[in-house]
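Undergrad: Got a structure for you, written out below as structure tokens; questions coming shortly.
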Amino acid sequence: MIRFFIIAVILFTTTCSNAQQYPWWSQYSTNQTLLNPGFCGTKRLVDVRINYRNQWTGFEGSPKTYVLSLNSRLWKGRLGVGGFLFKDDIGPFRNFNTSLTFAYHLKFADSELSFGIQGNYMSQRFIGTDVTLRNQQDKSVNQYITDKVSNFDGSFGIVYFNDRFHIGVAANNIASSKFEHYKIDPLKNGKYTNAPHYNLSAGYNWAENIDYTFQNSILAVYVPGVPFSFDYTLLLHIKKQIMAGVSFRVNDAIALHLGCTIKENFQISYSYDIVTSPLRTYQRGSHEIKLVFSSHY
């Protein structure tokens with residue numbers, strides 16, 4: 001209960017401040033559209049992905065994220081259309097994000113340049129009954145009221161890519177939209193601003209033998225007021241059927257990945273994060289699973 005109380009205090013005392021709102025995925029390298037709308041429509045004709053992440057298991061109130069993403073490559077490959085839904089549960093907060101994404105692809109002889117934009121509708125619920133108070137007379141939290149707020153925001157991204165490599169830049173929460181809980185109650189009123197998220201990603205696929213392809217990728221994320229994040233992932237694809245690899249997240253975690261492809265169009269993959277930060281004492285790692293349907297037809 002004490003650990004959960006600490007989480008609740010940290011999350012809810014964001015009055016007039018910025019905070020990181022976008023969830024983290026260990027399998028970002030195989031679902032880049034979640035972070036950069038420029039990747040929309042850069043794969044097959046139809047691409048559907050479901051992600052579930054249970055972060056810091058054993059830590060009461062830890063984040064749980066559910067994602068459904070869809071994008072399609074249309075108009076002879078020149079246009080990408082898609083979107084995603086995600087639900088992010090963190091302590092007493094229930095965050096929902098609904099997006100629509102559009103991308104335009106400029107084609108060159110051996111590569112493409114994609115420009116993507118995304119509109120987001122976000123809502124957040126604060127569940128008072130999920131909070132355990134050390135001081136039951138604390139007037140800053142009403143445990144008997146569920147408060148909901150919502151707002152709009154957006155993202156944009158650019159990706160230069162072909163079958164072997166990519167490099168992309170993106171920004172999320174570009175409108176820095178604001179949220180205000182308990183608007184009519186001055187004792188409980190809390191405000192915070194969506195912090196913009198800036199990321200740079202790059203990747204290169206190397207194969208001396210086509211049956212064994214090494215997929216290298218990096219992701220660097222900058223959020224004002226939050227420590228800089230850098231992630232390197234190496235995946236080995238064996239005969240386009242089996243995938244295994246590892247990620248290194250600086251000052252945070254090491255992630256292990258394993259997956260397989262079923263009849264070309266279906267994929268399933270699993271990741272386990274071994275936390276290396278001081279938080280490792282209080283949790284039992286993070287779990288992430290992804291299901292994919294991707295088709296040319």
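Residue numbers start at 1 in each chain; chains themselves are named A, B, ... in the order of the structure tokens; ligands are numbered from 1 in the order shown.
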Near A:Thr261, counting only C-alpha atoms, which residues have an atom at most 12 Å away, once you skip same-chain residues fewer than 6 positions from it, shown as a list of chain:residue names?

TA: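 Surrounding residues, per the criterion: A:His237, A:Ile238, A:Lys239, A:Lys240, A:Gln241, A:Ile242, A:Met243, A:Ala244, A:Gln267, A:Ile268, A:Ser269, A:Lys290, A:Leu291, A:Val292, A:Phe293, A:Ser294.
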
Undergrad: Mind dumping a table of every stretch 193-253 of chain A residue within 12 Å of stretch 271-274 of chain A, with the nearest atom pair and its distance in Å to one decimal, using only C-alpha atoms, sorted by chain and rising number, as a tab-separated table?

TA:
residue	atom	partner	partner_atom	distance
A:Thr233	CA	A:Ser271	CA	11.8
A:Leu235	CA	A:Ser271	CA	11.8
A:Met243	CA	A:Ser271	CA	11.2
A:Ala244	CA	A:Ser271	CA	9.7
A:Gly245	CA	A:Ser271	CA	9.3
A:Val246	CA	A:Ser271	CA	8.9
A:Ser247	CA	A:Asp273	CA	8.8
A:Phe248	CA	A:Asp273	CA	9.6
A:Arg249	CA	A:Asp273	CA	9.7
A:Asn251	CA	A:Ile274	CA	11.5
A:Asp252	CA	A:Ile274	CA	8.7
A:Ala253	CA	A:Ile274	CA	5.4

Undergrad: Rank A:Glu288, A:Asp88, A:Asp211, A:Asp231 by their smallest atom-to-atom distance to A:Gly259, using only C-alpha atoms, and report the top residue only.

TA: A:Glu288

Undergrad: Skip A:Ser177 itself and residues of its chain fewer than 3 positions away, then list as a ChimeraX atom specification all residues within 9 Å of it, counting only C-alpha atoms.

TA: /A:151-153,173-174,192-195

Undergrad: Could those selected residues go to a file with N, CA, C and O atoms, as an mmCIF file, in the first residue's frame?

TA:
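Okay, this is what ended up in result34.cif:
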data_model
loop_
_atom_site.group_PDB
_atom_site.id
_atom_site.type_symbol
_atom_site.label_atom_id
_atom_site.label_comp_id
_atom_site.auth_asym_id
_atom_site.auth_seq_id
_atom_site.Cartn_x
_atom_site.Cartn_y
_atom_site.Cartn_z
ATOM 1 N N ASN A 151 -9.179 16.023 -24.083
ATOM 2 C CA ASN A 151 -8.646 17.093 -24.915
ATOM 3 C C ASN A 151 -8.107 16.490 -26.214
ATOM 4 O O ASN A 151 -8.081 15.269 -26.374
ATOM 5 N N PHE A 152 -7.656 17.363 -27.116
ATOM 6 C CA PHE A 152 -7.115 16.937 -28.398
ATOM 7 C C PHE A 152 -5.624 17.291 -28.477
ATOM 8 O O PHE A 152 -5.163 18.242 -27.850
ATOM 9 N N ASP A 153 -4.904 16.513 -29.270
ATOM 10 C CA ASP A 153 -3.492 16.799 -29.511
ATOM 11 C C ASP A 153 -3.116 16.203 -30.857
ATOM 12 O O ASP A 153 -3.983 15.712 -31.588
ATOM 13 N N ASN A 173 2.376 14.884 -29.111
ATOM 14 C CA ASN A 173 1.820 15.908 -28.204
ATOM 15 C C ASN A 173 2.283 17.310 -28.601
ATOM 16 O O ASN A 173 2.658 18.133 -27.762
ATOM 17 N N ILE A 174 2.248 17.610 -29.891
ATOM 18 C CA ILE A 174 2.800 18.871 -30.376
ATOM 19 C C ILE A 174 1.968 20.083 -29.960
ATOM 20 O O ILE A 174 2.477 21.211 -29.938
ATOM 21 N N TYR A 192 -2.297 19.960 -15.419
ATOM 22 C CA TYR A 192 -1.003 19.636 -16.000
ATOM 23 C C TYR A 192 -1.067 19.747 -17.516
ATOM 24 O O TYR A 192 -2.153 19.751 -18.096
ATOM 25 N N THR A 193 0.078 19.865 -18.122
ATOM 26 C CA THR A 193 0.191 20.050 -19.561
ATOM 27 C C THR A 193 0.848 18.834 -20.192
ATOM 28 O O THR A 193 1.832 18.315 -19.676
ATOM 29 N N ASN A 194 0.283 18.387 -21.318
ATOM 30 C CA ASN A 194 0.912 17.305 -22.072
ATOM 31 C C ASN A 194 2.275 17.764 -22.573
ATOM 32 O O ASN A 194 2.371 18.753 -23.303
ATOM 33 N N ALA A 195 3.318 17.064 -22.190
ATOM 34 C CA ALA A 195 4.664 17.429 -22.633
ATOM 35 C C ALA A 195 4.898 16.917 -24.046
ATOM 36 O O ALA A 195 4.534 15.786 -24.377
#

Undergrad: What gap, in Å, lies between atom CA of A:Phe59 and atom CA of A:Phe126?

TA: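 One can read the atom CA of A:Phe59 to atom CA of A:Phe126 distance as 19.1 Å.
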
Undergrad: For A:Phe230, work out the shell of residues within 7 Å, counting only C-alpha atoms and skipping chain neighbours fewer than 2 positions away, then give it as a compact mmCIF listing (two decimals) with N, CA, C and O atoms, in the first residue's frame.

TA:
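Contents of result_7.txt, freshly written:
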# COMPACT_ATOMS: atom_id res chain seq x y z
N LEU A 219 16.48 3.93 -30.95
CA LEU A 219 15.43 4.91 -30.68
C LEU A 219 15.91 5.83 -29.57
O LEU A 219 16.29 5.37 -28.48
N ALA A 220 15.93 7.13 -29.86
CA ALA A 220 16.29 8.13 -28.86
C ALA A 220 15.08 9.03 -28.64
O ALA A 220 14.48 9.52 -29.61
N VAL A 221 14.69 9.24 -27.38
CA VAL A 221 13.50 10.02 -27.05
C VAL A 221 13.87 11.12 -26.07
O VAL A 221 14.53 10.87 -25.05
N PHE A 228 16.71 11.72 -20.60
CA PHE A 228 16.85 11.30 -21.99
C PHE A 228 16.86 9.78 -22.07
O PHE A 228 17.49 9.10 -21.26
N TYR A 232 18.76 0.51 -27.94
CA TYR A 232 19.31 -0.20 -29.09
C TYR A 232 18.75 -1.62 -29.10
O TYR A 232 18.76 -2.31 -28.08
N ARG A 249 18.39 -0.67 -23.00
CA ARG A 249 17.84 0.66 -22.72
C ARG A 249 18.70 1.29 -21.63
O ARG A 249 18.76 0.79 -20.50
N VAL A 250 19.39 2.36 -21.98
CA VAL A 250 20.39 2.96 -21.09
C VAL A 250 19.78 3.34 -19.75
O VAL A 250 18.74 4.00 -19.68

Undergrad: Using only C-alpha atoms, which of the listed residues (A:Val67, A:Cys40, A:Val131, A:Ile90) sits closest to A:Leu113?

TA: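 The closest residue to A:Leu113 is A:Cys40.
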
Undergrad: Within 6 Å of stretch 159-171 of chain A, which residues of stretch 9-112 of chain A come that close, and what is the closest atom pair and distance in Å for each? Count only C-alpha atoms and give it as a tab-separated table.

TA:
residue	atom	partner	partner_atom	distance
A:Asn36	CA	A:Ala170	CA	5.3
A:Gly38	CA	A:Val159	CA	5.5
A:Ser111	CA	A:Asn162	CA	4.7
A:Glu112	CA	A:Phe161	CA	5.5

Undergrad: Taking C-alpha atoms for each residue, export the selection above as an mmCIF file, in the first residue's frame.

TA:
data_model
loop_
_atom_site.group_PDB
_atom_site.id
_atom_site.type_symbol
_atom_site.label_atom_id
_atom_site.label_comp_id
_atom_site.auth_asym_id
_atom_site.auth_seq_id
_atom_site.Cartn_x
_atom_site.Cartn_y
_atom_site.Cartn_z
ATOM 1 C CA ASN A 36 6.034 8.129 -35.708
ATOM 2 C CA GLY A 38 5.422 8.750 -40.971
ATOM 3 C CA SER A 111 13.755 4.494 -51.541
ATOM 4 C CA GLU A 112 10.799 6.493 -50.268
#

Undergrad: Which residues, written as a PDB file with C-alpha atoms, in the first residue's frame, have at least one atom at most 8 Å from stretch 116-125 of chain A, with only C-alpha atoms counted and residues fewer than 5 positions away on the same chain left out?

TA:
ATOM      1  CA  ASN A  36       6.034   8.129 -35.708  1.00  0.00           C
ATOM      2  CA  PRO A  37       3.013   8.647 -38.023  1.00  0.00           C
ATOM      3  CA  GLY A  38       5.422   8.750 -40.971  1.00  0.00           C
ATOM      4  CA  PHE A  39       5.572   4.936 -40.785  1.00  0.00           C
ATOM      5  CA  CYS A  40       1.855   4.687 -41.608  1.00  0.00           C
ATOM      6  CA  PHE A  93      -5.516   6.869 -13.770  1.00  0.00           C
ATOM      7  CA  ARG A  94      -7.185   5.353 -16.854  1.00  0.00           C
ATOM      8  CA  ASN A  95      -5.859   6.982 -20.028  1.00  0.00           C
ATOM      9  CA  PHE A  96      -7.454   6.489 -23.458  1.00  0.00           C
ATOM     10  CA  ASN A  97      -6.004   7.690 -26.764  1.00  0.00           C
ATOM     11  CA  THR A  98      -7.755   7.463 -30.134  1.00  0.00           C
ATOM     12  CA  SER A  99      -5.884   8.524 -33.257  1.00  0.00           C
ATOM     13  CA  LEU A 100      -6.290   8.936 -37.009  1.00  0.00           C
ATOM     14  CA  THR A 101      -3.137   8.940 -39.134  1.00  0.00           C
ATOM     15  CA  PHE A 102      -2.368   9.961 -42.706  1.00  0.00           C
ATOM     16  CA  ALA A 103       0.943   9.752 -44.562  1.00  0.00           C
ATOM     17  CA  TYR A 104       2.087  10.672 -48.045  1.00  0.00           C
ATOM     18  CA  THR A 146     -14.422   9.455 -10.538  1.00  0.00           C
ATOM     19  CA  ASP A 147     -13.294  12.529 -12.445  1.00  0.00           C
ATOM     20  CA  LYS A 148     -12.925  12.558 -16.259  1.00  0.00           C
ATOM     21  CA  VAL A 149     -11.163  15.092 -18.484  1.00  0.00           C
ATOM     22  CA  SER A 150     -10.423  15.084 -22.229  1.00  0.00           C
ATOM     23  CA  ASN A 151      -8.646  17.093 -24.915  1.00  0.00           C
ATOM     24  CA  PHE A 152      -7.115  16.937 -28.398  1.00  0.00           C
ATOM     25  CA  ASP A 153      -3.492  16.799 -29.511  1.00  0.00           C
ATOM     26  CA  GLY A 154      -1.434  15.725 -32.492  1.00  0.00           C
ATOM     27  CA  SER A 155       1.781  14.237 -33.879  1.00  0.00           C
ATOM     28  CA  PHE A 156       3.852  14.470 -37.043  1.00  0.00           C
ATOM     29  CA  GLY A 157       6.759  12.494 -38.419  1.00  0.00           C
ATOM     30  CA  ILE A 158       9.102  12.051 -41.377  1.00  0.00           C
TER      31      ILE A 158
END

Undergrad: Find, counting only C-alpha atoms, the residue in A:Lys188, A:His197, A:Lys43, A:His181 that gets nearest to A:Ser114.

TA: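 Ranked by minimum distance to A:Ser114, first place goes to A:Lys43.
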
Undergrad: DSSP on the backbone, helix (DSSP H, G or I) only: what residues of stretch 5-136 of chain A does that give? Format it as a short mmCIF file (atom, residue, chain, number, x, y, z; two decimals) with N, CA and C atoms, in the first residue's frame.

TA:
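Output contents, as saved in result_0.cif:
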data_model
loop_
_atom_site.label_atom_id
_atom_site.label_comp_id
_atom_site.auth_asym_id
_atom_site.auth_seq_id
_atom_site.Cartn_x
_atom_site.Cartn_y
_atom_site.Cartn_z
N PHE A 5 0.81 4.25 -2.68
CA PHE A 5 0.58 5.62 -2.25
C PHE A 5 1.62 6.56 -2.86
N ILE A 6 2.88 6.12 -2.89
CA ILE A 6 3.94 6.93 -3.48
C ILE A 6 3.67 7.18 -4.96
N ILE A 7 3.27 6.12 -5.70
CA ILE A 7 2.95 6.28 -7.11
C ILE A 7 1.83 7.29 -7.30
N ALA A 8 0.77 7.16 -6.51
CA ALA A 8 -0.38 8.04 -6.65
C ALA A 8 0.01 9.49 -6.40
N VAL A 9 0.84 9.71 -5.40
CA VAL A 9 1.26 11.08 -5.09
C VAL A 9 2.07 11.66 -6.24
N ILE A 10 3.03 10.88 -6.76
CA ILE A 10 3.88 11.35 -7.86
C ILE A 10 3.04 11.69 -9.09
N LEU A 11 2.06 10.83 -9.40
CA LEU A 11 1.26 11.04 -10.59
C LEU A 11 0.29 12.19 -10.45
N PHE A 12 -0.29 12.33 -9.26
CA PHE A 12 -1.36 13.29 -9.12
C PHE A 12 -0.87 14.68 -8.75
N TYR A 28 9.05 -1.55 -29.92
CA TYR A 28 8.83 -0.38 -30.78
C TYR A 28 9.35 -0.62 -32.20
N SER A 29 10.46 -1.38 -32.34
CA SER A 29 11.11 -1.53 -33.65
C SER A 29 10.24 -2.27 -34.65
N THR A 30 9.24 -3.01 -34.18
CA THR A 30 8.35 -3.73 -35.08
C THR A 30 6.94 -3.15 -35.06
N GLN A 32 6.52 0.78 -35.39
CA GLN A 32 6.98 2.15 -35.33
C GLN A 32 5.86 3.18 -35.48
N THR A 33 4.72 2.79 -36.03
CA THR A 33 3.63 3.75 -36.23
C THR A 33 3.11 4.31 -34.91
N LEU A 34 3.36 3.61 -33.80
CA LEU A 34 2.90 4.11 -32.50
C LEU A 34 3.64 5.37 -32.08
N PRO A 37 4.06 8.85 -37.01
CA PRO A 37 3.01 8.65 -38.02
C PRO A 37 3.56 8.54 -39.44
N GLY A 38 4.83 8.91 -39.65
CA GLY A 38 5.42 8.75 -40.97
C GLY A 38 5.53 7.30 -41.41
N PHE A 39 5.49 6.36 -40.45
CA PHE A 39 5.57 4.94 -40.78
C PHE A 39 4.23 4.37 -41.26
N GLY A 128 -10.87 7.65 -7.70
CA GLY A 128 -10.55 7.96 -6.30
C GLY A 128 -10.48 6.74 -5.41
N THR A 129 -11.31 5.72 -5.71
CA THR A 129 -11.33 4.52 -4.87
C THR A 129 -10.06 3.69 -4.99
N ASP A 130 -9.23 3.97 -6.00
CA ASP A 130 -7.97 3.24 -6.18
C ASP A 130 -6.83 3.85 -5.37
#

Undergrad: Neighbouring residues of A:Trp56 were defined as those with any atom within 10 Å, considering only C-alpha atoms; residues of the same chain fewer than 5 positions away were excluded. Please report them as JSON, numbers by chain.

TA: {"A": [61, 62, 63, 64, 273, 274, 275, 279, 280, 282, 283, 284, 285, 286, 287]}

Undergrad: Write the residues of the selection above to a file with C-alpha atoms, as a PDB file, in the first residue's frame.

TA:
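Output file result14.pdb is given in full below:
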ATOM      1  CA  GLY A  61      -0.394   0.338  -9.446  1.00  0.00           C
ATOM      2  CA  SER A  62       2.217  -0.276 -12.154  1.00  0.00           C
ATOM      3  CA  PRO A  63       1.420   0.626 -15.819  1.00  0.00           C
ATOM      4  CA  LYS A  64      -0.616  -1.724 -18.013  1.00  0.00           C
ATOM      5  CA  ASP A 273      12.327  -6.628 -19.593  1.00  0.00           C
ATOM      6  CA  ILE A 274      14.995  -7.156 -16.952  1.00  0.00           C
ATOM      7  CA  VAL A 275      15.009  -3.856 -15.076  1.00  0.00           C
ATOM      8  CA  LEU A 279      13.463   0.124  -9.331  1.00  0.00           C
ATOM      9  CA  ARG A 280      14.613  -3.497  -9.823  1.00  0.00           C
ATOM     10  CA  TYR A 282      10.586  -3.538  -6.031  1.00  0.00           C
ATOM     11  CA  GLN A 283       9.306  -5.385  -9.115  1.00  0.00           C
ATOM     12  CA  ARG A 284       9.688  -8.591 -11.148  1.00  0.00           C
ATOM     13  CA  GLY A 285      10.283  -7.261 -14.654  1.00  0.00           C
ATOM     14  CA  SER A 286       7.982  -6.265 -17.503  1.00  0.00           C
ATOM     15  CA  HIS A 287       6.100  -8.463 -19.966  1.00  0.00           C
TER      16      HIS A 287
END

Undergrad: From the options A:Ile254, A:Leu68, A:Leu106, A:Ile127, which residue's atoms come nearest to A:Gly91, counting only C-alpha atoms?

TA: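 Using only C-alpha atoms, the shortest distance to A:Gly91 belongs to A:Ile127.
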
Undergrad: Apply DSSP to the backbone of this structure and, from stretch 38-165 of chain A, keep only the residues in strand (DSSP E or B); write these as number ranges by chain.

TA: A: 46-54, 64-74, 79-90, 93-107, 112-127, 146-161, 165

Undergrad: Calculate how many Å separate atom CA of A:Glu264 from atom CA of A:Leu35, rounding to one decimal.

TA: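 Spanning atom CA of A:Glu264 to atom CA of A:Leu35 is a straight-line distance of 25.1 Å.
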